[in-house]
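Q: Following this line is start.txt, made up of compact mmCIF, C-alpha atoms and all ligand atoms:
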# COMPACT_ATOMS: atom_id res chain seq x y z
CA MET A 1 53.60 -38.71 -30.72
CA THR A 2 49.99 -39.74 -30.46
CA ASN A 3 47.25 -40.20 -27.92
CA VAL A 4 44.49 -42.73 -27.44
CA ALA A 5 41.38 -42.68 -25.26
CA ILE A 6 40.00 -45.97 -23.98
CA ILE A 7 36.25 -45.82 -23.47
CA GLY A 8 33.90 -48.48 -22.03
CA THR A 9 30.99 -48.94 -24.46
CA GLN A 10 28.61 -50.84 -22.16
CA TRP A 11 27.90 -50.61 -18.41
CA GLY A 12 31.54 -50.69 -17.32
CA ASP A 13 33.60 -53.75 -16.39
CA GLU A 14 34.56 -54.34 -20.02
CA GLY A 15 38.08 -55.32 -19.03
CA LYS A 16 39.73 -51.90 -19.24
CA GLY A 17 42.50 -52.74 -16.78
CA LYS A 18 44.07 -55.34 -19.05
CA VAL A 19 43.75 -53.27 -22.23
CA VAL A 20 45.11 -50.11 -20.63
CA ASP A 21 47.97 -52.13 -19.17
CA LEU A 22 48.76 -53.60 -22.59
CA LEU A 23 48.68 -50.29 -24.45
CA SER A 24 50.57 -48.53 -21.69
CA GLU A 25 53.67 -50.41 -22.81
CA GLY A 26 54.00 -47.89 -25.65
CA ALA A 27 52.60 -44.90 -23.77
CA ASP A 28 54.62 -42.40 -21.76
CA LEU A 29 51.67 -41.19 -19.68
CA VAL A 30 48.47 -42.89 -18.51
CA VAL A 31 45.72 -40.48 -17.48
CA ARG A 32 42.46 -41.02 -15.55
CA PHE A 33 40.05 -38.20 -16.46
CA GLN A 34 36.66 -38.97 -14.82
CA GLY A 35 34.97 -41.11 -12.18
CA GLY A 36 36.60 -42.09 -8.94
CA ASN A 37 37.20 -45.14 -6.79
CA ASN A 38 33.89 -46.60 -7.98
CA ALA A 39 36.08 -48.00 -10.77
CA GLY A 40 37.87 -51.30 -10.31
CA HIS A 41 40.40 -52.09 -13.00
CA THR A 42 41.85 -55.57 -12.73
CA LEU A 43 45.27 -56.35 -14.15
CA VAL A 44 46.97 -59.72 -14.21
CA VAL A 45 50.75 -59.59 -14.42
CA GLY A 46 52.37 -63.02 -14.25
CA ASP A 47 50.95 -64.75 -11.19
CA GLN A 48 49.94 -61.45 -9.58
CA SER A 49 46.52 -59.82 -9.85
CA TYR A 50 46.04 -56.12 -9.04
CA ALA A 51 42.73 -54.29 -8.56
CA LEU A 52 43.19 -50.56 -9.07
CA HIS A 53 40.53 -48.05 -8.10
CA THR A 54 41.84 -44.49 -8.36
CA VAL A 55 45.47 -45.03 -9.36
CA PRO A 56 45.84 -45.23 -13.17
CA SER A 57 46.75 -48.64 -14.59
CA GLY A 58 50.08 -47.30 -15.93
CA ILE A 59 51.50 -47.43 -12.41
CA LEU A 60 52.47 -51.08 -12.90
CA ARG A 61 54.83 -50.22 -15.77
CA PRO A 62 58.19 -48.83 -14.64
CA GLY A 63 59.14 -45.60 -16.40
CA LYS A 64 55.56 -44.46 -17.11
CA VAL A 65 53.89 -41.47 -15.49
CA SER A 66 50.37 -41.92 -14.14
CA VAL A 67 48.14 -38.88 -13.97
CA ILE A 68 44.90 -38.27 -12.08
CA ALA A 69 43.27 -35.31 -13.82
CA SER A 70 40.82 -32.78 -12.42
CA GLY A 71 37.70 -34.55 -13.70
CA VAL A 72 38.33 -37.40 -11.25
CA VAL A 73 36.89 -37.26 -7.74
CA VAL A 74 39.53 -38.42 -5.28
CA ASP A 75 38.86 -40.02 -1.92
CA PRO A 76 42.04 -38.98 -0.09
CA GLU A 77 41.82 -41.65 2.60
CA ASP A 78 41.11 -44.43 0.14
CA LEU A 79 43.81 -43.23 -2.28
CA ILE A 80 46.48 -43.33 0.42
CA VAL A 81 45.39 -46.86 1.39
CA GLU A 82 45.59 -47.90 -2.29
CA ILE A 83 49.03 -46.33 -2.75
CA ARG A 84 50.40 -47.93 0.45
CA ALA A 85 49.05 -51.36 -0.52
CA LEU A 86 50.68 -51.13 -3.96
CA VAL A 87 53.99 -49.96 -2.51
CA LYS A 88 53.89 -52.89 -0.07
CA ARG A 89 53.62 -55.22 -3.06
CA GLY A 90 56.75 -53.70 -4.59
CA VAL A 91 55.19 -51.13 -6.96
CA THR A 92 57.21 -47.90 -7.14
CA ILE A 93 55.04 -44.83 -6.49
CA SER A 94 56.45 -41.36 -5.96
CA PRO A 95 55.68 -37.82 -7.12
CA ALA A 96 57.95 -38.60 -10.08
CA ASN A 97 55.56 -41.20 -11.52
CA LEU A 98 52.20 -40.13 -10.05
CA LYS A 99 50.79 -36.66 -10.64
CA ILE A 100 47.45 -35.63 -9.16
CA SER A 101 45.56 -32.55 -10.30
CA GLU A 102 45.43 -29.90 -7.61
CA LYS A 103 41.99 -29.02 -9.04
CA ALA A 104 40.51 -32.51 -8.51
CA HIS A 105 37.62 -32.54 -6.05
CA MET A 106 37.75 -34.67 -2.94
CA ILE A 107 35.29 -37.30 -1.83
CA MET A 108 34.83 -36.37 1.83
CA PRO A 109 33.64 -38.69 4.63
CA TYR A 110 30.21 -37.01 4.52
CA HIS A 111 29.86 -37.87 0.82
CA ARG A 112 30.23 -41.56 1.56
CA LEU A 113 27.79 -41.29 4.47
CA LEU A 114 25.23 -39.46 2.31
CA ASP A 115 25.56 -41.96 -0.56
CA VAL A 116 24.91 -44.93 1.74
CA ALA A 117 22.15 -43.22 3.78
CA ARG A 118 20.29 -42.26 0.59
CA GLU A 119 20.54 -45.73 -0.88
CA ASN A 120 19.34 -47.30 2.37
CA ALA A 121 16.38 -44.92 2.53
CA ALA A 122 15.46 -45.44 -1.13
CA GLY A 123 14.39 -49.08 -0.69
CA SER A 124 13.21 -50.47 -4.01
CA GLN A 125 14.06 -47.14 -5.70
CA ARG A 126 17.76 -47.46 -4.89
CA LEU A 127 20.28 -47.06 -7.73
CA GLY A 128 22.69 -49.71 -6.52
CA THR A 129 25.64 -47.30 -6.24
CA THR A 130 29.05 -48.48 -5.15
CA GLY A 131 28.56 -46.54 -1.90
CA ARG A 132 31.83 -44.66 -2.44
CA GLY A 133 30.30 -41.18 -2.25
CA ILE A 134 30.76 -40.51 -5.97
CA GLY A 135 27.36 -38.87 -6.60
CA PRO A 136 27.45 -36.56 -3.54
CA ALA A 137 31.03 -35.47 -4.39
CA TYR A 138 30.08 -34.49 -7.96
CA GLU A 139 26.94 -32.79 -6.60
CA ASP A 140 29.04 -30.59 -4.31
CA LYS A 141 31.39 -29.78 -7.19
CA ALA A 142 28.43 -28.56 -9.27
CA ALA A 143 26.87 -26.83 -6.26
CA ARG A 144 30.18 -25.03 -5.73
CA VAL A 145 30.66 -26.21 -2.17
CA GLY A 146 33.20 -28.92 -2.98
CA LEU A 147 36.71 -29.14 -1.60
CA ARG A 148 39.58 -29.48 -4.02
CA LEU A 149 42.89 -31.13 -3.24
CA LEU A 150 44.57 -27.72 -3.35
CA ASP A 151 42.48 -26.73 -0.33
CA LEU A 152 44.73 -29.01 1.73
CA ARG A 153 47.37 -26.28 1.43
CA SER A 154 45.34 -23.88 3.61
CA PRO A 155 44.09 -25.70 6.76
CA ASP A 156 42.15 -22.68 8.12
CA VAL A 157 40.18 -22.20 4.93
CA PHE A 158 39.77 -25.96 4.68
CA ILE A 159 37.93 -26.13 8.02
CA GLN A 160 35.63 -23.26 7.02
CA LYS A 161 34.74 -25.02 3.79
CA VAL A 162 33.97 -28.26 5.60
CA GLU A 163 31.73 -26.30 8.02
CA ARG A 164 29.86 -24.78 5.11
CA ALA A 165 29.42 -28.11 3.32
CA LEU A 166 28.21 -29.79 6.50
CA GLN A 167 25.53 -27.17 7.27
CA GLU A 168 23.13 -28.69 4.76
CA LYS A 169 24.34 -32.26 5.10
CA ASN A 170 23.92 -32.42 8.85
CA CYS A 171 20.32 -31.28 8.40
CA LEU A 172 19.76 -34.22 6.08
CA PHE A 173 21.61 -36.67 8.31
CA GLU A 174 19.68 -35.73 11.45
CA ASN A 175 16.24 -34.98 10.12
CA LEU A 176 15.76 -37.00 6.98
CA TYR A 177 18.08 -40.00 7.16
CA LYS A 178 18.22 -40.26 10.97
CA VAL A 179 21.94 -40.92 11.12
CA PRO A 180 24.34 -39.12 13.47
CA SER A 181 25.57 -35.77 12.17
CA LEU A 182 29.29 -35.10 11.66
CA LYS A 183 31.50 -32.54 13.40
CA ALA A 184 33.35 -30.26 11.00
CA GLU A 185 36.54 -30.20 13.13
CA THR A 186 36.67 -34.00 13.31
CA VAL A 187 36.12 -34.43 9.57
CA ALA A 188 38.63 -31.71 8.70
CA ALA A 189 41.25 -33.13 11.08
CA ARG A 190 40.84 -36.61 9.59
CA VAL A 191 41.48 -35.42 6.05
CA LEU A 192 44.10 -32.80 6.93
CA ALA A 193 46.08 -35.58 8.63
CA LEU A 194 46.91 -36.76 5.09
CA ARG A 195 48.34 -33.40 3.96
CA ASP A 196 51.97 -34.47 4.08
CA ASP A 197 51.20 -37.66 2.16
CA LEU A 198 49.19 -35.94 -0.57
CA LEU A 199 50.68 -32.49 -1.14
CA PRO A 200 53.87 -33.71 -2.89
CA TYR A 201 51.74 -35.30 -5.63
CA LEU A 202 49.71 -32.18 -6.47
CA THR A 203 50.44 -30.83 -9.92
CA ASP A 204 49.07 -28.38 -12.46
CA VAL A 205 48.02 -31.35 -14.59
CA THR A 206 46.62 -29.32 -17.50
CA SER A 207 49.96 -27.57 -18.09
CA TYR A 208 51.83 -30.81 -17.48
CA LEU A 209 49.80 -32.65 -20.14
CA ARG A 210 50.03 -29.81 -22.61
CA ALA A 211 53.83 -29.78 -22.23
CA ALA A 212 53.93 -33.58 -22.59
CA GLY A 213 51.98 -33.30 -25.86
CA GLU A 214 54.35 -30.58 -27.12
CA GLN A 215 57.33 -32.79 -26.29
CA GLY A 216 55.86 -35.54 -28.46
CA LEU A 217 55.07 -37.98 -25.66
CA ASN A 218 52.46 -40.72 -26.12
CA ILE A 219 49.42 -40.32 -23.89
CA LEU A 220 46.84 -42.95 -22.99
CA PHE A 221 43.56 -41.73 -21.49
CA GLU A 222 42.04 -44.40 -19.26
CA GLY A 223 38.26 -44.13 -19.11
CA ALA A 224 36.27 -45.59 -16.22
CA GLN A 225 32.70 -47.03 -16.22
CA GLY A 226 30.91 -47.14 -19.58
CA VAL A 227 28.70 -45.15 -21.95
CA GLN A 228 25.44 -46.54 -20.56
CA LEU A 229 26.47 -45.20 -17.12
CA ASP A 230 27.02 -41.68 -18.51
CA VAL A 231 24.97 -39.11 -16.61
CA ASP A 232 23.87 -37.45 -19.88
CA HIS A 233 23.74 -40.34 -22.33
CA GLY A 234 23.20 -43.46 -20.24
CA THR A 235 20.19 -45.19 -18.70
CA TYR A 236 19.42 -42.20 -16.43
CA PRO A 237 18.87 -42.23 -13.46
CA TYR A 238 20.62 -45.62 -13.22
CA VAL A 239 23.96 -44.07 -14.08
CA THR A 240 27.05 -42.75 -12.37
CA SER A 241 27.53 -39.01 -11.82
CA SER A 242 30.26 -38.39 -14.39
CA ASN A 243 30.56 -38.65 -18.17
CA PRO A 244 32.44 -41.77 -19.27
CA THR A 245 32.01 -40.61 -22.91
CA THR A 246 34.92 -39.19 -24.93
CA GLY A 247 34.04 -35.53 -24.34
CA SER A 248 35.20 -35.99 -20.77
CA VAL A 249 38.78 -36.39 -21.88
CA ALA A 250 38.86 -32.72 -22.80
CA VAL A 251 36.72 -31.49 -19.91
CA GLY A 252 38.43 -33.61 -17.29
CA THR A 253 42.01 -32.79 -18.31
CA GLY A 254 41.79 -29.29 -19.76
CA LEU A 255 43.27 -30.43 -23.08
CA ALA A 256 41.54 -29.02 -26.16
CA PRO A 257 39.15 -31.56 -27.79
CA LYS A 258 40.92 -31.29 -31.15
CA ARG A 259 44.10 -32.67 -29.56
CA LEU A 260 42.48 -36.09 -29.09
CA GLU A 261 43.56 -38.41 -31.89
CA ASN A 262 42.28 -41.99 -31.43
CA VAL A 263 39.40 -43.55 -29.56
CA LEU A 264 39.33 -47.24 -28.72
CA GLY A 265 35.99 -48.64 -27.58
CA LEU A 266 36.09 -51.50 -25.11
CA VAL A 267 33.44 -54.15 -25.75
CA LYS A 268 33.08 -57.23 -23.61
CA ALA A 269 32.05 -60.17 -25.86
CA TYR A 270 28.84 -60.34 -23.80
CA THR A 271 27.19 -57.79 -21.48
CA SER A 272 27.24 -57.34 -17.72
CA ARG A 273 25.77 -54.79 -15.40
CA VAL A 274 26.20 -54.25 -11.68
CA GLY A 275 23.61 -52.29 -9.75
CA GLU A 276 20.00 -51.58 -10.62
CA GLY A 277 18.52 -50.37 -13.89
CA PRO A 278 17.46 -51.62 -17.31
CA PHE A 279 19.44 -54.32 -19.09
CA PRO A 280 17.52 -55.51 -22.18
CA THR A 281 19.69 -58.55 -23.06
CA GLU A 282 19.97 -59.83 -19.46
CA LEU A 283 19.86 -63.63 -19.10
CA LYS A 284 18.19 -64.65 -15.86
CA ASP A 285 18.80 -68.33 -16.60
CA GLU A 286 21.51 -70.97 -16.58
CA VAL A 287 23.37 -69.37 -19.50
CA GLY A 288 23.57 -66.10 -17.55
CA ASP A 289 24.88 -68.01 -14.51
CA GLN A 290 27.42 -69.84 -16.68
CA ILE A 291 28.71 -66.56 -18.11
CA ARG A 292 28.99 -65.10 -14.58
CA GLU A 293 30.98 -68.03 -13.25
CA ARG A 294 33.23 -68.52 -16.27
CA GLY A 295 33.85 -64.78 -16.66
CA ARG A 296 34.30 -64.32 -12.88
CA GLU A 297 31.75 -61.54 -13.06
CA TYR A 298 31.86 -60.27 -9.50
CA GLY A 299 32.45 -56.55 -8.80
CA THR A 300 36.10 -55.55 -8.28
CA THR A 301 35.02 -52.69 -6.04
CA THR A 302 32.05 -54.13 -4.13
CA GLY A 303 32.22 -57.91 -4.78
CA ARG A 304 28.59 -57.87 -5.98
CA PRO A 305 27.60 -60.57 -8.51
CA ARG A 306 27.18 -58.91 -11.90
CA ARG A 307 24.06 -59.42 -13.97
CA CYS A 308 25.05 -61.09 -17.27
CA GLY A 309 23.51 -61.35 -20.73
CA TRP A 310 24.08 -61.43 -24.48
CA LEU A 311 25.98 -58.73 -26.31
CA ASP A 312 23.75 -55.80 -27.23
CA ALA A 313 24.80 -54.25 -30.56
CA VAL A 314 22.31 -51.40 -30.00
CA VAL A 315 24.26 -50.28 -26.95
CA VAL A 316 27.69 -50.63 -28.58
CA ARG A 317 26.53 -48.95 -31.82
CA ALA A 318 25.33 -45.95 -29.80
CA ALA A 319 28.72 -45.78 -28.05
CA VAL A 320 30.60 -45.87 -31.36
CA LYS A 321 28.64 -42.87 -32.63
CA LEU A 322 28.58 -40.90 -29.36
CA CYS A 323 32.27 -41.35 -28.68
CA GLY A 324 33.75 -41.27 -32.18
CA ILE A 325 35.20 -44.72 -31.67
CA ASP A 326 37.73 -45.72 -34.35
CA HIS A 327 38.29 -49.33 -33.32
CA LEU A 328 36.96 -51.88 -30.87
CA ALA A 329 38.88 -53.84 -28.27
CA ILE A 330 36.80 -57.00 -27.83
CA THR A 331 37.48 -58.63 -24.46
CA LYS A 332 36.74 -61.97 -22.78
CA LEU A 333 35.95 -63.80 -26.01
CA ASP A 334 37.26 -66.99 -24.35
CA VAL A 335 34.36 -66.90 -21.84
CA LEU A 336 31.90 -67.70 -24.64
CA SER A 337 33.59 -71.01 -25.53
CA GLY A 338 31.33 -74.01 -24.91
CA LEU A 339 28.10 -72.00 -24.49
CA GLY A 340 26.49 -73.38 -27.66
CA GLU A 341 24.71 -71.00 -30.02
CA LEU A 342 25.56 -67.34 -29.30
CA LYS A 343 23.19 -64.42 -29.73
CA ILE A 344 23.63 -60.69 -30.28
CA ALA A 345 20.78 -58.16 -30.14
CA SER A 346 20.94 -56.44 -33.53
CA HIS A 347 18.21 -53.83 -32.96
CA TYR A 348 15.09 -53.11 -30.92
CA GLU A 349 11.51 -52.68 -32.08
CA LEU A 350 9.10 -50.29 -30.41
CA ASP A 351 5.49 -49.89 -31.59
CA GLY A 352 6.47 -51.30 -34.98
CA GLU A 353 9.45 -48.97 -35.38
CA LYS A 354 13.04 -50.25 -35.78
CA LEU A 355 15.41 -48.70 -33.21
CA LEU A 356 19.15 -48.72 -33.85
CA TRP A 357 19.97 -46.81 -30.63
CA PRO A 358 18.48 -47.18 -27.13
CA PRO A 359 15.48 -44.87 -26.53
CA ALA A 360 16.02 -42.11 -23.95
CA SER A 361 12.93 -42.96 -21.92
CA LEU A 362 13.23 -45.90 -19.56
CA LEU A 363 9.48 -46.47 -19.99
CA ASP A 364 10.10 -47.02 -23.70
CA LEU A 365 13.18 -49.12 -23.02
CA ALA A 366 11.11 -51.42 -20.83
CA ARG A 367 8.71 -51.98 -23.74
CA VAL A 368 11.18 -52.68 -26.56
CA LYS A 369 11.17 -56.02 -28.33
CA LEU A 370 14.64 -57.40 -28.92
CA VAL A 371 15.63 -58.73 -32.31
CA TYR A 372 18.57 -61.14 -32.17
CA ARG A 373 21.06 -62.55 -34.67
CA SER A 374 22.64 -65.91 -33.91
CA SER A 375 26.10 -67.29 -34.40
CA PRO A 376 26.92 -71.02 -34.12
CA GLY A 377 29.43 -70.56 -31.28
CA PHE A 378 32.62 -72.54 -30.58
CA ASP A 379 33.90 -75.12 -28.10
CA GLU A 380 37.66 -74.78 -28.44
CA ASP A 381 40.00 -73.23 -25.86
CA ILE A 382 41.16 -70.06 -27.64
CA LYS A 383 43.66 -68.74 -25.06
CA THR A 384 46.67 -69.55 -27.25
CA ALA A 385 45.37 -67.68 -30.33
CA ARG A 386 47.64 -64.76 -31.26
CA LYS A 387 46.29 -64.09 -34.77
CA LEU A 388 42.73 -64.03 -36.07
CA THR A 389 43.59 -67.05 -38.21
CA ASP A 390 44.45 -69.04 -35.03
CA LEU A 391 40.80 -68.75 -33.93
CA PRO A 392 38.27 -71.52 -34.65
CA LYS A 393 35.68 -70.78 -37.34
CA GLY A 394 32.90 -70.21 -34.78
CA ALA A 395 34.88 -67.54 -32.88
CA ARG A 396 35.76 -65.72 -36.10
CA ALA A 397 32.13 -65.83 -37.23
CA TYR A 398 31.13 -64.23 -33.91
CA LEU A 399 33.71 -61.43 -34.32
CA ASP A 400 32.54 -60.83 -37.90
CA LEU A 401 28.96 -60.54 -36.69
CA VAL A 402 29.97 -58.00 -34.03
CA GLU A 403 31.76 -55.89 -36.63
CA GLU A 404 28.82 -56.11 -39.05
CA LEU A 405 26.22 -55.11 -36.43
CA VAL A 406 28.24 -52.40 -34.72
CA GLY A 407 29.89 -50.97 -37.82
CA CYS A 408 33.39 -50.73 -36.37
CA PRO A 409 36.44 -53.02 -36.81
CA PRO A 410 38.42 -54.56 -33.95
CA ALA A 411 41.96 -53.41 -33.10
CA LEU A 412 42.41 -55.99 -30.40
CA VAL A 413 40.76 -59.20 -29.19
CA SER A 414 41.42 -60.50 -25.69
CA VAL A 415 41.33 -64.30 -25.36
CA GLY A 416 42.39 -64.65 -21.70
CA PRO A 417 43.28 -62.55 -18.65
CA GLU A 418 47.09 -62.56 -19.11
CA ARG A 419 48.90 -59.75 -20.92
CA ASP A 420 49.98 -62.02 -23.77
CA GLU A 421 46.59 -63.72 -24.23
CA THR A 422 45.67 -61.14 -26.84
CA ILE A 423 45.31 -60.81 -30.61
CA ILE A 424 46.64 -57.39 -31.56
CA LEU A 425 45.59 -56.08 -34.97
CA ASN A 426 46.45 -52.43 -34.52
CA ARG A 427 48.93 -50.98 -32.03
CA TYR A 428 48.54 -47.28 -31.58
CA PHE A 429 51.96 -46.64 -30.08
P1 LIG A 501 28.14 -44.81 -8.36
O1 LIG A 501 29.08 -44.51 -9.48
O2 LIG A 501 28.81 -45.46 -7.18
O3 LIG A 501 27.31 -43.64 -7.95
O4 LIG A 501 27.10 -45.91 -8.86
C1 LIG A 501 26.12 -45.63 -9.87
C2 LIG A 501 25.94 -46.82 -10.79
O5 LIG A 501 27.11 -47.02 -11.56
C3 LIG A 501 25.70 -48.15 -10.06
O6 LIG A 501 24.84 -48.94 -10.85
C4 LIG A 501 27.09 -48.77 -10.04
O7 LIG A 501 27.03 -50.17 -9.90
C5 LIG A 501 27.60 -48.34 -11.38
N1 LIG A 501 29.07 -48.28 -11.45
C6 LIG A 501 29.86 -47.31 -10.96
N2 LIG A 501 31.15 -47.58 -11.24
C7 LIG A 501 31.17 -48.71 -11.94
C8 LIG A 501 32.22 -49.46 -12.56
O8 LIG A 501 33.40 -49.12 -12.52
N3 LIG A 501 31.82 -50.59 -13.21
C9 LIG A 501 30.53 -50.97 -13.30
N4 LIG A 501 29.52 -50.29 -12.75
C10 LIG A 501 29.83 -49.16 -12.08
For this file, write the structure as structure tokens.
Ligand code: IMP

A:
Amino acid sequence: MTNVAIIGTQWGDEGKGKVVDLLSEGADLVVRFQGGNNAGHTLVVGDQSYALHTVPSGILRPGKVSVIASGVVVDPEDLIVEIRALVKRGVTISPANLKISEKAHMIMPYHRLLDVARENAAGSQRLGTTGRGIGPAYEDKAARVGLRLLDLRSPDVFIQKVERALQEKNCLFENLYKVPSLKAETVAARVLALRDDLLPYLTDVTSYLRAAGEQGLNILFEGAQGVQLDVDHGTYPYVTSSNPTTGSVAVGTGLAPKRLENVLGLVKAYTSRVGEGPFPTELKDEVGDQIRERGREYGTTTGRPRRCGWLDAVVVRAAVKLCGIDHLAITKLDVLSGLGELKIASHYELDGEKLLWPPASLLDLARVKLVYRSSPGFDEDIKTARKLTDLPKGARAYLDLVEELVGCPPALVSVGPERDETIILNRYF
């Protein structure tokens, strides 16, 4: 029995869907522990492509159990739409293979409205959120006015809680954001209408996971977003409202931290970012456009074009230390073929000082000078490589440079979107 956490080391979109799907072959359980339907994990299985948002990526593997733990914020309406769409495509989903924590907080219709109204009002100060209501839902959780999925069991109490939550929000809607206020009964009725669909999935996930560990089952923890979007350790305030760092596995599931055994850090072979905020290695030129088109860097959740740039070893190095990453999974290496000389930011300089980690202040981050290392690059199609020795010299040199700069070896290198287009050096299960 073992367990592995998969953590995004950059700004999300590192290709977690494929890696989780691959590793889930040997896992018994796949667990989402933070974030919500702001995530978009793309999986390609044969000629079919799936974009998952709240449902864990294990759902596509028959015989595995997918778990949504209490650290996730769940949009009940969106989740039901996602489940129905998957079922329509032939995926089996039932309470036997999908367990949802009864303690998970819900993203309510007023959270989505508040997220969008705030962003619209912020103008040039907007964060570029996914508009899914993620921030407002986590705010209500911390403010202790959130609704948990278990509240669906008691409709009378549910309505009272919605009334309470709306007292403040309607003030904001009417007076500050000038959008129509919401009626508690209407909102409550809309969500309560999904009771029969959702209640069978509700589970005491903490006890379930503890028992699974005691039975010797293999557990894969599927992170969402990336370290630089972490509300404590990322490029605040241009972050999401949860912690995509490893500590969230324990907090978001209720499993003791010492039970976590392996951490795999996902690193895209270059960098992308969607939304506003600093991005030191961004390429606002033809090379950036080429990476975007070849890597199909458009948001899975919002369809927004992603900003693209060179790999930043400063960012990945920080993630390795913060998250206790044992190995890297390097994804989308094939996208770099034919780009000519490749660059990686090795460190920053600020006022003559060498920085190995990103500074906390965005004012400082805006002033850093980037110091790059170059690698000659490669022109070959590498999709058929299954061993490191199958790779052309230029691709291997690039991987060696990543390992040298980041200080962590790869366990897996993805050379194409398909399941088998992968070099596997270390299988955890
Ligand atoms: P929110 O999570 O919707 O509040 O958005 C906050 C920031 O995180 C925005 O810059 C989003 O674009 C970004 N973000 C949230 N989820 C993801 C993701 O799964 N991949 C990449 N960026 C994300």

Q: List as JSON, numbers by chain the residues having at least one atom at most 9 Å from position (23.7, -48.0, -27.2) as given in the file, counting all atoms listed in the file.

A: {"A": [9, 10, 227, 228, 234, 312, 313, 314, 315, 316, 317, 318, 319, 320, 321, 322, 356, 357, 358, 359]}

Q: Any residue with an atom at most 7 Å from ligand LIG 501 (chain A) counts, using only C-alpha atoms and all ligand atoms. Which are they? Put them as a list in words.

A: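 Listing the residues within 7 Å of ligand LIG 501 (chain A) gives Trp11, Gly12, Asp13, Asn38, Ala39, Gly40, Leu127, Gly128, Thr129, Thr130, Gly131, Arg132, Gly133, Ile134, Gly135, Ala224, Gln225, Leu229, Tyr238, Val239, Thr240, Ser241, Arg273, Val274, Gly275 and Glu276 of chain A.
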
Q: With all atoms listed in the file as the atoms that count, which of A:Leu29, A:Leu333, A:Leu425, A:Ile382 lies nearest to Val402 (chain A)?

A: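 Answer, going by the shortest atom-to-atom distance: A:Leu333.
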
Q: Just want the 12 Å neighbourhood of Glu25 (chain A), counted on all atoms listed in the file, with same-chain residues fewer than 5 positions away dropped. Output as a list in words.

A: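 Once the nearby chain positions are removed, what remains is Lys18, Val19, Val20, Val30, Ser57, Gly58, Ile59, Leu60, Arg61, Pro62, Gly63, Lys64, Val65, Asn218, Ile219, Leu220, Arg419, Arg427, Tyr428 and Phe429 of chain A.
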
Q: Take the point (49.4, -30.6, -18.7) in the file's coordinates, draw a sphere of radius 10 Å around it, and report as a PyMOL selection string every protein, DNA or RNA residue with an atom inside or on it, counting only C-alpha atoms.

A: chain A and resi 67+69+101+203-214+253-255

Q: From the list A:Asp326, A:Asp390, A:Glu341, A:Glu139, which residue is nearest Cys408 (chain A) when using only C-alpha atoms?

A: A:Asp326

Q: To one decimal in Å, tell me the separation between CA of Tyr201 (chain A) and CA of Ala165 (chain A).

A: 25.1 Å

Q: Determine the nearest neighbour of Ile325 (chain A) from the options A:Leu260, A:Val81, A:Val44, A:Leu362, counting only C-alpha atoms.

A: A:Leu260

Q: Calculate how many Å separate CA of Cys308 (chain A) from CA of Thr271 (chain A), rounding to one decimal.

A: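 We find that CA of Cys308 (chain A) and CA of Thr271 (chain A) lie 5.8 Å from each other.
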
Q: For Gln290 (chain A), please output as JSON, numbers by chain all residues within 10 Å (counting only C-alpha atoms; exclusion window: fewer than 6 positions along the same chain).

A: {"A": [296, 308, 335, 336, 339]}

Q: For a test of reading the model, state the distance in Å between CA of Gly303 (chain A) and CA of Tyr50 (chain A), rounded to one decimal.

A: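 A separation of 14.6 Å between them.
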
Q: What's around Asp151 (chain A) at 12 Å? Count only C-alpha atoms, leave out sequence neighbours fewer than 4 positions away in its own chain, and write the answer as JSON, numbers by chain.

A: {"A": [101, 102, 103, 104, 105, 106, 145, 146, 147, 155, 156, 157, 158, 159, 160, 161, 162, 188, 191, 192, 195, 198, 199, 202]}

Q: I'd like to know which of A:Val91, A:Ala5, A:Glu353, A:Val179 is closest to Val116 (chain A), using all atoms listed in the file.

A: A:Val179

Q: For Leu266 (chain A), please output as an MDAnalysis selection string all residues within 9 Å (counting all atoms listed in the file; exclusion window: fewer than 5 positions along the same chain).

A: chainID A and resid 6:10 14:16 19 226 327:331

Q: With all atoms listed in the file as the atoms that count, which of A:Asp364, A:Asp289, A:Glu282, A:Glu168 lies nearest to Lys343 (chain A)?

A: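 Result for the nearest residue to Lys343 (chain A): A:Glu282.
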
Q: Of the residues A:Ala27, A:Leu114, A:Ile68, A:Leu22, which is the one nearest to Asn3 (chain A), using only C-alpha atoms?

A: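 Ranking A:Ala27, A:Leu114, A:Ile68, A:Leu22 by distance to Asn3 (chain A), first place goes to A:Ala27.
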